[in-house]
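Undergrad: Once you've had a glance at the structure underneath, I'll fire off some questions.
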Amino acid sequence: MKNRRGLLQLEGLTERIVPAVSIRAVDGDLIIKGTPNSVTGTPTLAINVTNDNEVTITDGSTNRGTYFVDGDLIMNLSNRGDSVTINLSNGDLDGSVIANLANGNDSLTIKSSGGARRILGGVTVDGGNGNDSLTVFSGNASLFEIQGGISFSGGSGSDTATFNGTGALGALELGNNQVLTRVNTVSIGQTKDVSMDGGITINASADKLIPLQVDIGDSTTSVPIAGVLSITGTDANDSVSLENVSMVSTVPTSDSETDVYEVTINLGRSTSTGTGNVLNFTDVTIGEDAALPGQFSSPADFSYTGGKGKDSVNIDGSTVFTGDSRFTLGDGTNGFTVTDASAVSGVEFLGNVTITGGTGIDQTDFAQSEVGGLLTATLGNGDNSLISAGVIAGGLSYSGLKGADNITLSNCANLSGSVTISLGGGTTSCTFSNTNGTTNMDSFTVDLGTSVNGTNPAGIEYASELDTLIVFLNPGVVSTTSLATLN
């Protein structure tokens, strides 16, 4: 009798039920891999932390069960534009979140929706190519901590990072250091307080012509940063705005040691010769001690570099630079403006200030700010101006090179140290006034070079109390007049 063999049959693909993502637990880690099921056309994955280290996973609209993970939560997803939400609704995570979102326009949201919640590790995100977004925010109830910090690489495309608190009591605390690479729009602390126990580095230089926009803090929030703040812009026109931001030390300073936190904003890659970069500081403190609010025994140096276009630097409110400050404005028609904030505590530069211009017009206005060290202004070959009505305690050195110069020092009673002014080759209009009958300067030297009279017929007018102090070199065709009425 012959054995009859059954016929082989292929199961139709449409009849197979295969999960869109695979989920594996390996040595305490939970690894999620593949393409999530779609919700209204978007591959969607929802991860809910229901108890400490317990996560419930919803793939599209399908509940995939609850898993225990005391290691890392790892995702390796698809190129289809995934939408992922991690919600710490009723528990903490001991490990880190590691997300490889692959190519496509992906979004990852990490939030806490109830109670004080923590991720004891860090958050590492690779967005791949495409327009990616990372959003981290706390819920209504209390503080949300990510102790290991955040690292986000956006890849090519226009990428966004948003770190905020929400609700009446929600606040966000980020530890270690934050590193944002190829991220083009950064929004931190725009609704509620965000604090960083480490520093933050933002580098968008590889994206070239996609502008960088950074907004940290606003009028209703507080954003303390303990560590280095470093921002590197693109070849396009970038914008950086800080409000109610303080660079602080997390360790009290001893008598023998000081902790220095450097702040660097480099927008010098911008190649546009038209409208250029914008830097706005309002109520910013650089170098405050966390243990001693309002104390500045840990000075931090600050550096800004502009591009080839028309850069605008605006400083106002109660802003304090505790260390040395350097502003390199670039070649465009630049504006450096300190708003007259005399109604509040005002803008203070406790160290030395150096401003360097390029080939264009540089307009610098220090209003009623205070400079505790030496103010050095080398404003380049354009038609330049320097205005100060405040305190310059460590001396003044001005060089105008080839352009016309317009210098107004309307509070000479508060000038100290040595004052040296070297005028350019253009027309000249200078006023040195308001000595209040006293002078605290060690010397006052004006090198007229090849300058000629400007719109002011007198060329240079100065208070008569300066007669015995002021020295003119190379007078040329510039007229100088001392006037008692200038006090």
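So you can find residues: chains in the structure tokens are A, B, ... in the order shown, residues in each start at 1, and ligands are numbered from 1 in order.
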Show which residues sit within 7 Å of A:Thr56, as a list in words. Count only C-alpha atoms, and ignore same-chain residues fewer than 6 positions away.
TA: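 Selected residues are Ile47, Asn48, Val49, Thr50, Gly65, Thr66 and Tyr67 of chain A.
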Undergrad: Env of A:Gln363: 10 Å cut, atoms = only C-alpha atoms, seq-sep filter 2 positions within chain, self excluded. Answer as a list of chain:residue names.
TA: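 Selected residues are A:Ser312, A:Thr333, A:Asn334, A:Gly335, A:Phe336, A:Thr337, A:Gly357, A:Gly360, A:Ile361, A:Asp365, A:Leu379, A:Gly382, A:Asp383, A:Asn384, A:Ser385, A:Leu386, A:Ile387, A:Asp405, A:Asn406.
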Undergrad: For A:Val123, which residue among A:Gly104, A:Gly306, A:Gly372, A:Gly95 is the nearest when counting only C-alpha atoms?
TA: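 Going through A:Gly104, A:Gly306, A:Gly372, A:Gly95 one by one, the smallest distance to A:Val123 is for A:Gly95.
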Undergrad: Tell me which protein, DNA and RNA residues are within 8 Å of A:Val125, counting only C-alpha atoms, leaving out same-chain ones fewer than 4 positions away, and put them as a PyMOL selection string.
TA: chain A and resi 98-101+151-153
Undergrad: Go ahead and dump the residues you just picked, N, CA and C atoms, as a short mmCIF file (atom, residue, chain, number, x, y, z; two decimals), in the first residue's frame.
TA:
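Final output, saved to part.cif:
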data_model
loop_
_atom_site.label_atom_id
_atom_site.label_comp_id
_atom_site.auth_asym_id
_atom_site.auth_seq_id
_atom_site.Cartn_x
_atom_site.Cartn_y
_atom_site.Cartn_z
N ILE A 98 16.99 54.67 24.72
CA ILE A 98 17.85 54.74 23.54
C ILE A 98 16.97 54.51 22.32
N ALA A 99 16.84 55.53 21.48
CA ALA A 99 15.92 55.46 20.35
C ALA A 99 16.64 55.73 19.05
N ASN A 100 16.65 54.74 18.17
CA ASN A 100 17.11 54.91 16.79
C ASN A 100 15.86 54.98 15.92
N LEU A 101 15.49 56.20 15.53
CA LEU A 101 14.23 56.39 14.81
C LEU A 101 14.36 56.17 13.31
N SER A 151 20.80 63.44 24.76
CA SER A 151 21.62 63.56 23.56
C SER A 151 20.73 63.32 22.36
N PHE A 152 20.66 64.28 21.45
CA PHE A 152 19.76 64.19 20.29
C PHE A 152 20.55 64.57 19.05
N SER A 153 20.66 63.62 18.11
CA SER A 153 21.26 63.88 16.81
C SER A 153 20.14 63.88 15.78
#
Undergrad: Could you give me, as a PyMOL selection string, the residues within 7 Å of A:Leu143, counting only C-alpha atoms and dropping anything in the same chain fewer than 5 positions from it?
TA: chain A and resi 116-117+138+170-172
Undergrad: For A:Ile407, which residue out of A:Gly332, A:Gly476, A:Gly424, A:Gly323 is the nearest one, using only C-alpha atoms?
TA: A:Gly424
Undergrad: Show me, as a VMD selection string, the residues that have an atom within 10 Å of stretch 29-32 of chain A when counting only C-alpha atoms, minus same-chain residues fewer than 5 positions from it.
TA: chain A and resid 21 to 24 45 55 57 67 to 77 95 to 99
Undergrad: For each of A:Val183, A:Ile225, A:Ala377, A:Ile110, take the minimum atom-to-atom distance to A:Ser205, counting only C-alpha atoms, then give the residue where this is smallest.
TA: A:Val183
Undergrad: To test your reading of the structure, identify every residue in stretch 54-84 of chain A that backbone DSSP assigns to strand (DSSP E or B), and report it as a list in words.
TA: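 Selection result, strand (DSSP E or B) within stretch 54-84 of chain A: Glu54, Val55, Thr56, Ile57, Thr58, Asp59, Thr62, Asn63, Arg64, Gly65, Thr66, Tyr67, Phe68, Leu73, Ile74, Met75, Asn76, Leu77, Ser83 and Val84 of chain A.
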Undergrad: Which one of A:Thr319, A:Ala367, A:Asn203, A:Gly395 sits closest to A:Val353 if you count only C-alpha atoms?
TA: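 Looking at the shortest contact to A:Val353, the residue is A:Gly395.
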Undergrad: As an mmCIF file with N, CA and C atoms, in the first residue's frame, please: the residues near A:Asp218 (cut-off 8 Å, only C-alpha atoms, same-chain neighbours under 2 positions excluded).
TA:
data_model
loop_
_atom_site.group_PDB
_atom_site.id
_atom_site.type_symbol
_atom_site.label_atom_id
_atom_site.label_comp_id
_atom_site.auth_asym_id
_atom_site.auth_seq_id
_atom_site.Cartn_x
_atom_site.Cartn_y
_atom_site.Cartn_z
ATOM 1 N N GLY A 189 12.249 75.821 28.247
ATOM 2 C CA GLY A 189 11.707 76.647 29.320
ATOM 3 C C GLY A 189 10.838 77.781 28.833
ATOM 4 N N GLN A 190 10.005 77.528 27.840
ATOM 5 C CA GLN A 190 9.130 78.577 27.320
ATOM 6 C C GLN A 190 7.805 78.652 28.055
ATOM 7 N N THR A 191 7.473 77.637 28.855
ATOM 8 C CA THR A 191 6.206 77.652 29.575
ATOM 9 C C THR A 191 6.387 77.491 31.082
ATOM 10 N N ILE A 216 15.729 80.103 24.861
ATOM 11 C CA ILE A 216 15.857 79.511 26.188
ATOM 12 C C ILE A 216 15.283 80.489 27.199
ATOM 13 N N THR A 220 8.391 84.520 32.224
ATOM 14 C CA THR A 220 7.701 83.909 33.362
ATOM 15 C C THR A 220 8.426 82.706 33.931
ATOM 16 N N THR A 221 9.560 82.323 33.368
ATOM 17 C CA THR A 221 10.236 81.105 33.796
ATOM 18 C C THR A 221 11.638 81.411 34.305
ATOM 19 N N SER A 222 12.270 80.370 34.845
ATOM 20 C CA SER A 222 13.655 80.453 35.280
ATOM 21 C C SER A 222 14.395 79.239 34.741
ATOM 22 N N LEU A 242 18.020 84.431 24.944
ATOM 23 C CA LEU A 242 18.032 83.926 26.307
ATOM 24 C C LEU A 242 17.330 84.935 27.206
ATOM 25 N N GLU A 243 16.408 84.445 28.047
ATOM 26 C CA GLU A 243 15.704 85.317 28.979
ATOM 27 C C GLU A 243 15.509 84.572 30.295
ATOM 28 N N ASN A 244 15.840 85.245 31.401
ATOM 29 C CA ASN A 244 15.765 84.628 32.721
ATOM 30 C C ASN A 244 16.588 83.344 32.789
#
Undergrad: Between A:Gly175, A:Pro299, A:Gly217, A:Gly60, which residue has the minimum interatomic distance to A:Gly41, considering only C-alpha atoms?
TA: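 Ranked by minimum distance to A:Gly41, first place goes to A:Gly60.
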Undergrad: Counting only C-alpha atoms, which residue out of A:Gly154, A:Gly400, A:Gly426, A:Gly28 sits closest to A:Gly130?
TA: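 Checking each of A:Gly154, A:Gly400, A:Gly426, A:Gly28 against A:Gly130, counting only C-alpha atoms, the winner is A:Gly154.
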Undergrad: Could you jot down the atom CA of A:Leu415 to atom CA of A:Ile392 separation for me, Å, one decimal place?
TA: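 Spanning atom CA of A:Leu415 to atom CA of A:Ile392 is a straight-line distance of 5.0 Å.
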